[in-house]
>>> print(open('protein.cif').read())   # mmCIF, C-alpha atoms
data_coords
#
loop_
_atom_site.label_atom_id
_atom_site.label_comp_id
_atom_site.auth_asym_id
_atom_site.auth_seq_id
_atom_site.Cartn_x
_atom_site.Cartn_y
_atom_site.Cartn_z
CA THR A 4 -4.64 2.99 8.69
CA SER A 5 -1.82 0.80 9.97
CA THR A 6 -0.48 -1.89 7.70
CA THR A 7 -0.78 -5.39 9.10
CA SER A 8 1.25 -8.42 8.15
CA SER A 9 -1.23 -11.08 7.06
CA SER A 10 -0.65 -14.62 8.18
CA SER A 11 -1.82 -16.42 5.04
CA THR A 12 -2.02 -15.95 1.30
CA THR A 13 -3.79 -17.85 -1.40
CA THR A 14 -0.51 -19.14 -2.81
CA SER A 15 2.39 -20.47 -0.76
CA ILE A 16 5.58 -18.65 -1.62
CA SER A 17 9.23 -18.95 -0.67
CA ILE A 18 11.38 -15.90 -1.27
CA HIS A 19 14.52 -17.94 -1.93
CA GLU A 20 12.93 -20.77 -3.91
CA ASP A 21 10.70 -18.72 -6.18
CA MET A 22 12.45 -15.37 -6.58
CA ASN A 23 16.06 -15.56 -5.50
CA GLY A 24 19.02 -16.09 -7.74
CA ASN A 25 19.84 -12.83 -9.49
CA GLY A 26 20.59 -10.24 -6.81
CA ASP A 27 17.70 -7.96 -7.81
CA PRO A 28 15.40 -6.44 -5.20
CA LEU A 29 12.01 -8.09 -4.81
CA LEU A 30 9.46 -5.86 -6.53
CA LEU A 31 5.99 -5.95 -4.94
CA VAL A 32 3.27 -4.30 -7.02
CA ASP A 33 0.06 -2.99 -5.46
CA ALA A 34 -1.86 -4.41 -8.40
CA SER A 35 -5.39 -3.50 -7.33
CA ALA A 36 -4.48 0.15 -6.89
CA TYR A 37 -2.69 0.17 -10.23
CA ILE A 38 -5.78 -1.26 -11.97
CA PHE A 39 -7.82 1.73 -10.82
CA ARG A 40 -5.03 4.08 -11.89
CA ALA A 41 -4.97 2.44 -15.32
CA TYR A 42 -8.75 2.61 -15.60
CA TYR A 43 -8.94 6.33 -14.99
CA SER A 44 -5.87 7.20 -17.09
CA MET A 45 -6.85 5.27 -20.23
CA PRO A 46 -9.50 6.14 -22.82
CA THR A 47 -12.63 4.03 -23.06
CA LEU A 48 -11.66 0.98 -25.12
CA HIS A 49 -13.62 -2.14 -26.02
CA ARG A 50 -12.88 -5.48 -27.59
CA SER A 51 -14.73 -6.48 -30.76
CA ASP A 52 -17.31 -8.30 -28.63
CA GLY A 53 -17.94 -5.16 -26.56
CA THR A 54 -15.90 -6.17 -23.50
CA PRO A 55 -14.19 -3.11 -21.94
CA VAL A 56 -10.38 -3.40 -21.99
CA GLY A 57 -8.99 0.07 -21.29
CA ALA A 58 -7.67 -0.85 -17.84
CA VAL A 59 -6.29 -4.11 -19.23
CA LEU A 60 -4.24 -2.22 -21.81
CA GLY A 61 -3.01 0.26 -19.20
CA PHE A 62 -1.98 -2.60 -16.93
CA CYS A 63 -0.19 -4.37 -19.79
CA ASN A 64 1.69 -1.16 -20.55
CA MET A 65 2.91 -1.10 -16.95
CA LEU A 66 4.02 -4.74 -17.08
CA ASN A 67 5.83 -4.14 -20.34
CA ARG A 68 7.75 -1.23 -18.84
CA LEU A 69 8.68 -3.32 -15.82
CA VAL A 70 9.60 -6.71 -17.18
CA LEU A 71 9.02 -7.32 -20.90
CA HIS A 72 12.59 -6.78 -22.08
CA ARG A 73 13.89 -8.98 -19.26
CA LEU A 74 11.45 -11.77 -20.04
CA TRP A 75 12.56 -11.66 -23.67
CA ASN A 76 16.13 -12.13 -22.46
CA GLY A 77 15.13 -15.25 -20.55
CA GLU A 78 15.41 -13.62 -17.13
CA ARG A 79 12.98 -14.17 -14.28
CA PRO A 80 12.54 -10.89 -12.41
CA ARG A 81 11.63 -10.96 -8.74
CA LEU A 82 8.13 -9.59 -9.17
CA VAL A 83 4.86 -10.27 -7.38
CA LEU A 84 1.48 -8.75 -8.23
CA VAL A 85 -0.56 -8.34 -5.04
CA PHE A 86 -4.33 -7.93 -5.21
CA ASP A 87 -7.08 -7.01 -2.78
CA ALA A 88 -9.16 -10.07 -1.94
CA LYS A 89 -12.87 -10.01 -2.69
CA GLY A 90 -15.19 -9.28 0.23
CA PRO A 91 -14.77 -7.53 3.57
CA THR A 92 -11.52 -7.45 5.52
CA PHE A 93 -10.68 -7.71 9.20
CA ARG A 94 -10.78 -3.90 9.34
CA HIS A 95 -14.51 -3.96 8.66
CA ASP A 96 -14.88 -6.14 11.76
CA LEU A 97 -12.96 -3.56 13.77
CA TYR A 98 -14.75 -0.52 12.30
CA ASP A 99 -17.95 -1.07 10.34
CA LEU A 100 -17.68 2.32 8.61
CA TYR A 101 -14.25 1.53 7.18
CA LYS A 102 -14.15 2.85 3.59
CA ALA A 103 -17.92 3.43 3.76
CA ASN A 104 -17.41 6.66 1.82
CA ARG A 105 -15.93 4.86 -1.21
CA LYS A 106 -17.90 4.88 -4.46
CA GLU A 107 -18.95 1.61 -6.02
CA CYS A 108 -16.52 0.11 -8.51
CA PRO A 109 -17.35 1.28 -12.06
CA MET A 110 -19.43 -1.34 -13.83
CA ASP A 111 -17.19 -1.42 -16.91
CA LEU A 112 -14.13 -2.05 -14.75
CA ILE A 113 -15.51 -5.14 -13.00
CA PRO A 114 -15.06 -7.58 -15.92
CA GLN A 115 -11.50 -6.36 -16.43
CA PHE A 116 -10.19 -7.72 -13.13
CA ASP A 117 -10.32 -11.33 -14.29
CA LEU A 118 -8.85 -10.36 -17.66
CA ILE A 119 -5.90 -8.72 -15.93
CA ARG A 120 -5.35 -11.84 -13.83
CA THR A 121 -5.29 -13.87 -17.05
CA VAL A 122 -2.78 -11.44 -18.56
CA ALA A 123 -0.49 -11.73 -15.55
CA GLN A 124 -0.68 -15.51 -15.76
CA ALA A 125 0.31 -15.32 -19.43
CA TYR A 126 3.36 -13.27 -18.45
CA GLY A 127 4.24 -15.94 -15.89
CA ILE A 128 4.13 -13.46 -13.02
CA GLN A 129 3.35 -14.56 -9.46
CA GLN A 130 -0.01 -13.31 -8.15
CA LEU A 131 -1.14 -13.22 -4.52
CA ASP A 132 -4.10 -12.20 -2.41
CA ALA A 133 -5.34 -13.22 1.04
CA THR A 134 -8.94 -13.64 2.12
CA GLY A 135 -9.89 -11.02 4.70
CA PHE A 136 -6.88 -8.82 3.95
CA GLU A 137 -6.03 -5.97 1.62
CA ALA A 138 -3.15 -5.87 -0.81
CA ASP A 139 -1.07 -3.66 1.49
CA ASP A 140 -1.32 -6.28 4.26
CA VAL A 141 0.00 -8.98 1.94
CA ILE A 142 2.73 -6.62 0.72
CA ALA A 143 3.74 -5.96 4.32
CA THR A 144 3.92 -9.71 4.94
CA LEU A 145 6.07 -10.38 1.88
CA ALA A 146 8.33 -7.42 2.62
CA THR A 147 8.86 -8.68 6.17
CA MET A 148 9.63 -12.18 4.87
CA ALA A 149 12.09 -10.80 2.34
CA ILE A 150 13.92 -8.63 4.86
CA GLN A 151 14.23 -11.59 7.23
CA GLU A 152 15.84 -13.56 4.42
CA GLY A 153 18.21 -10.75 3.43
CA VAL A 154 16.39 -9.63 0.27
CA ASP A 155 15.98 -5.94 -0.62
CA VAL A 156 12.43 -4.82 -1.46
CA ASN A 157 10.93 -2.19 -3.73
CA ILE A 158 7.19 -1.53 -3.47
CA LEU A 159 5.40 -0.06 -6.47
CA SER A 160 2.55 1.83 -4.85
CA GLY A 161 1.33 5.29 -3.97
CA ASP A 162 -0.39 4.10 -0.78
CA LYS A 163 0.80 6.22 2.13
CA ASP A 164 0.05 3.39 4.56
CA LEU A 165 2.89 1.38 3.00
CA MET A 166 5.37 4.15 3.82
CA GLN A 167 5.56 2.58 7.29
CA LEU A 168 7.74 -0.15 5.78
CA ILE A 169 10.45 2.12 4.35
CA THR A 170 13.88 1.64 5.93
CA PRO A 171 16.71 4.16 6.41
CA GLU A 172 19.04 4.66 3.46
CA ASN A 173 21.92 2.71 4.99
CA ALA A 174 19.80 -0.28 6.03
CA VAL A 175 20.82 -3.68 4.67
CA PRO A 176 18.56 -5.20 3.49
CA SER A 177 16.25 -2.30 2.69
CA VAL A 178 12.67 -1.43 1.75
CA HIS A 179 11.84 1.46 -0.55
CA MET A 180 8.71 2.61 -2.35
CA ILE A 181 8.37 3.63 -5.98
CA ASP A 182 5.59 6.01 -6.95
CA PRO A 183 3.77 4.44 -9.93
CA LYS A 184 2.97 7.79 -11.49
CA GLU A 185 6.42 9.35 -11.47
CA MET A 186 8.38 6.07 -11.13
CA ALA A 187 10.42 7.92 -8.49
CA ARG A 188 11.70 6.29 -5.31
CA THR A 189 10.30 7.39 -1.96
CA THR A 190 13.02 7.28 0.69
CA TYR A 191 13.09 7.33 4.47
CA ASP A 192 14.23 10.96 4.48
CA GLY A 193 11.57 11.80 1.92
CA VAL A 194 8.87 10.52 4.28
CA VAL A 195 10.27 12.61 7.13
CA GLU A 196 10.31 15.67 4.88
CA LYS A 197 6.73 15.12 3.70
CA TRP A 198 5.06 14.09 6.96
CA GLY A 199 7.34 15.45 9.68
CA VAL A 200 7.76 12.00 11.24
CA PRO A 201 9.78 8.90 10.31
CA PRO A 202 8.06 6.06 8.42
CA GLU A 203 7.50 3.97 11.55
CA LEU A 204 5.23 6.75 12.91
CA VAL A 205 3.14 7.36 9.78
CA GLY A 206 0.43 5.00 11.03
CA ASP A 207 0.29 6.82 14.36
CA LEU A 208 0.10 10.17 12.55
CA LEU A 209 -2.82 9.00 10.42
CA ALA A 210 -4.59 7.72 13.53
CA LEU A 211 -4.37 11.23 14.99
CA THR A 212 -5.29 13.16 11.85
CA GLY A 213 -7.71 10.67 10.36
CA ASP A 214 -7.65 9.39 6.80
CA ALA A 215 -10.51 10.55 4.59
CA SER A 216 -9.71 8.01 1.88
CA ASP A 217 -10.44 5.18 4.33
CA ASN A 218 -13.17 7.05 6.25
CA ILE A 219 -11.05 7.07 9.42
CA PRO A 220 -12.19 9.99 11.61
CA GLY A 221 -9.08 10.76 13.66
CA ILE A 222 -9.10 13.52 16.25
CA LYS A 223 -11.02 16.65 15.31
CA GLY A 224 -8.78 19.71 15.20
CA ILE A 225 -5.51 17.78 14.88
CA GLY A 226 -3.86 18.20 11.49
CA PRO A 227 -0.65 16.69 10.10
CA LYS A 228 1.59 19.42 11.53
CA GLY A 229 0.07 19.24 15.01
CA ALA A 230 0.13 15.45 14.95
CA ALA A 231 3.80 15.44 13.95
CA GLU A 232 4.63 17.81 16.79
CA LEU A 233 2.89 15.55 19.30
CA LEU A 234 4.54 12.40 18.00
CA ASN A 235 7.99 13.94 17.95
CA LYS A 236 7.52 15.05 21.54
CA TYR A 237 5.90 11.92 23.00
CA GLY A 238 7.26 9.26 20.65
CA SER A 239 4.13 7.27 19.78
CA LEU A 240 0.36 7.42 19.56
CA ASP A 241 -0.01 5.48 22.80
CA ASN A 242 2.24 7.93 24.62
CA VAL A 243 0.34 10.92 23.21
CA LEU A 244 -2.95 9.53 24.49
CA GLU A 245 -1.50 8.49 27.85
CA ASN A 246 -0.04 11.98 28.37
CA ALA A 247 -2.95 13.94 26.93
CA ASN A 248 -3.52 15.80 30.20
CA ASP A 249 0.05 17.10 30.06
CA ILE A 250 -0.10 18.62 26.56
CA PRO A 251 0.76 22.29 27.21
CA GLN A 252 -1.41 23.90 24.52
CA LYS A 253 -4.95 24.11 25.89
CA GLY A 254 -6.73 23.75 22.56
CA LYS A 255 -4.65 20.81 21.44
CA ARG A 256 -4.97 19.18 24.87
CA THR A 257 -8.76 19.51 24.76
CA ASN A 258 -8.94 18.11 21.24
CA VAL A 259 -6.87 15.07 22.14
CA LEU A 260 -8.80 14.38 25.34
CA ASN A 261 -12.10 14.60 23.47
CA GLY A 262 -10.87 12.42 20.62
CA ILE A 263 -9.07 9.58 22.37
CA ASP A 264 -11.64 6.99 21.30
CA ASP A 265 -11.51 8.14 17.67
CA ALA A 266 -7.73 7.74 17.59
CA LYS A 267 -7.59 4.23 19.04
#
>>> encode(input="protein.cif", output="structure tokens")
Amino acid sequence: TSTTSSSSTTTSISIHEDMNGNGDPLLLVDASAYIFRAYYSMPTLHRSDGTPVGAVLGFCNMLNRLVLHRLWNGERPRLVLVFDAKGPTFRHDLYDLYKANRKECPMDLIPQFDLIRTVAQAYGIQQLDATGFEADDVIATLATMAIQEGVDVNILSGDKDLMQLITPENAVPSVHMIDPKEMARTTYDGVVEKWGVPPELVGDLLALTGDASDNIPGIKGIGPKGAAELLNKYGSLDNVLENANDIPQKGKRTNVLNGIDDAK
């Protein structure tokens, strides 16, 4: 469940050379996730030759809302579409049941992936993926690069794993998330309010509770509230596990001791 900075991408990119020059935050779009969102939110549509295009239209609508008026004005927004790479990732090597509960991709969505890539190319928008990594890993890498070079970052994604990157409100430069459904910004304080822990501990919290969407088991009997209490007391997942014998509540102590391997 933790987000890892990937060391390579399919396209070399320099934050300053390719995207700097207008003072805007760098906008990183979790494109693969948005494709699925577009697919399920749009009616079934087909081209005259029978090719399904509903997700393509939904994705184009998103791009138009984000950048079309600026492209018409001759501007070059700092925008990168980040995709999941085809094939397994390093997480499958670590845990062979990773995402094993996911359904197969709908057959009528499969041909739309390449069409969406073609659309993005027509818009002149940078696209990235990295073999063996997911989109959120590449996003984490780019966000880290941008922060190191003094560039603010907005991440268009609803992926809770990416919340680990969000910086405090007064941080300069900063990282924020934008929910693609509501187009509302998720802030550092918003993460604390929702999860009971700061962004930097969201990965540790999900390791304790598990993450059904990724088929991560977590520790049986430890929910978000209990996990937040443990993390706020001990400071990190490692410290929780190292001090499991000292957890005062008997039931919680037993659960953690029995689930150490599942949380690692």
>>> closest_atom_pairs(input="protein.cif", of="stretch 90-154 of chain A", to="stretch 68-82 of chain A", cutoff="10 Å", atoms="only C-alpha atoms", output="Markdown table")
| residue | atom | partner | partner_atom | distance |
| --- | --- | --- | --- | --- |
| A:Tyr126 | CA | A:Leu74 | CA | 8.4 |
| A:Gly127 | CA | A:Arg79 | CA | 9.1 |
| A:Ile128 | CA | A:Leu82 | CA | 6.8 |
| A:Gln129 | CA | A:Leu82 | CA | 6.9 |
| A:Gln130 | CA | A:Leu82 | CA | 9.0 |
>>> resolve_selection(input="protein.cif", expression="the PyMOL selection byres ((chain A and resi 119) around 9)", output="PyMOL selection string")
chain A and resi 38+58-60+62-63+115-118+120-124
>>> atom_distance(input="protein.cif", atom1="atom CA of A:Leu31", atom2="atom CA of A:Val83")
5.1 Å
>>> residues_near_point(input="protein.cif", point="(-3.4, 13.1, 30.2)", cutoff="12 Å", atoms="all atoms listed in the file", output="list in words")
Tyr237, Asp241, Asn242, Val243, Leu244, Glu245, Asn246, Ala247, Asn248, Asp249, Ile250, Pro251, Lys253, Lys255, Arg256, Thr257, Asn258, Val259, Leu260, Asn261 and Ile263 of chain A
>>> closest_residue(input="protein.cif", among="A:Leu234, A:Val195, A:Met180, A:Val154", to="A:Pro28", atoms="only C-alpha atoms")
A:Val154
>>> residues_around(input="protein.cif", residues="A:Ser160", least_positions_apart="6", cutoff="7 Å", atoms="only C-alpha atoms", output="ChimeraX atom specification")
/A:32-33,180-183
>>> residues_around(input="protein.cif", residues="A:Leu165", least_positions_apart="4", cutoff="9 Å", atoms="all atoms listed in the file", output="JSON, numbers by chain")
{"A": [5, 6, 139, 140, 142, 143, 158, 160, 161, 169, 180, 202]}
>>> resolve_selection(input="protein.cif", expression="the PyMOL selection byres ((chain A and resi 218) around 7)", output="PDB file with C-alpha atoms, keeping the file's coordinate frame")
ATOM      1  CA  LEU A 100     -17.680   2.320   8.610  1.00  0.00           C
ATOM      2  CA  TYR A 101     -14.250   1.530   7.180  1.00  0.00           C
ATOM      3  CA  LYS A 102     -14.150   2.850   3.590  1.00  0.00           C
ATOM      4  CA  ALA A 103     -17.920   3.430   3.760  1.00  0.00           C
ATOM      5  CA  ASN A 104     -17.410   6.660   1.820  1.00  0.00           C
ATOM      6  CA  ASP A 214      -7.650   9.390   6.800  1.00  0.00           C
ATOM      7  CA  ALA A 215     -10.510  10.550   4.590  1.00  0.00           C
ATOM      8  CA  SER A 216      -9.710   8.010   1.880  1.00  0.00           C
ATOM      9  CA  ASP A 217     -10.440   5.180   4.330  1.00  0.00           C
ATOM     10  CA  ILE A 219     -11.050   7.070   9.420  1.00  0.00           C
ATOM     11  CA  PRO A 220     -12.190   9.990  11.610  1.00  0.00           C
TER      12      PRO A 220
END
>>> residues_around(input="protein.cif", residues="A:Gly221", least_positions_apart="4", cutoff="9 Å", atoms="all atoms listed in the file", output="JSON, numbers by chain")
{"A": [209, 210, 211, 212, 213, 214, 225, 262, 263, 264, 265, 266, 267]}
>>> atom_distance(input="protein.cif", atom1="atom CA of A:Ser177", atom2="atom CA of A:Asp155")
4.9 Å
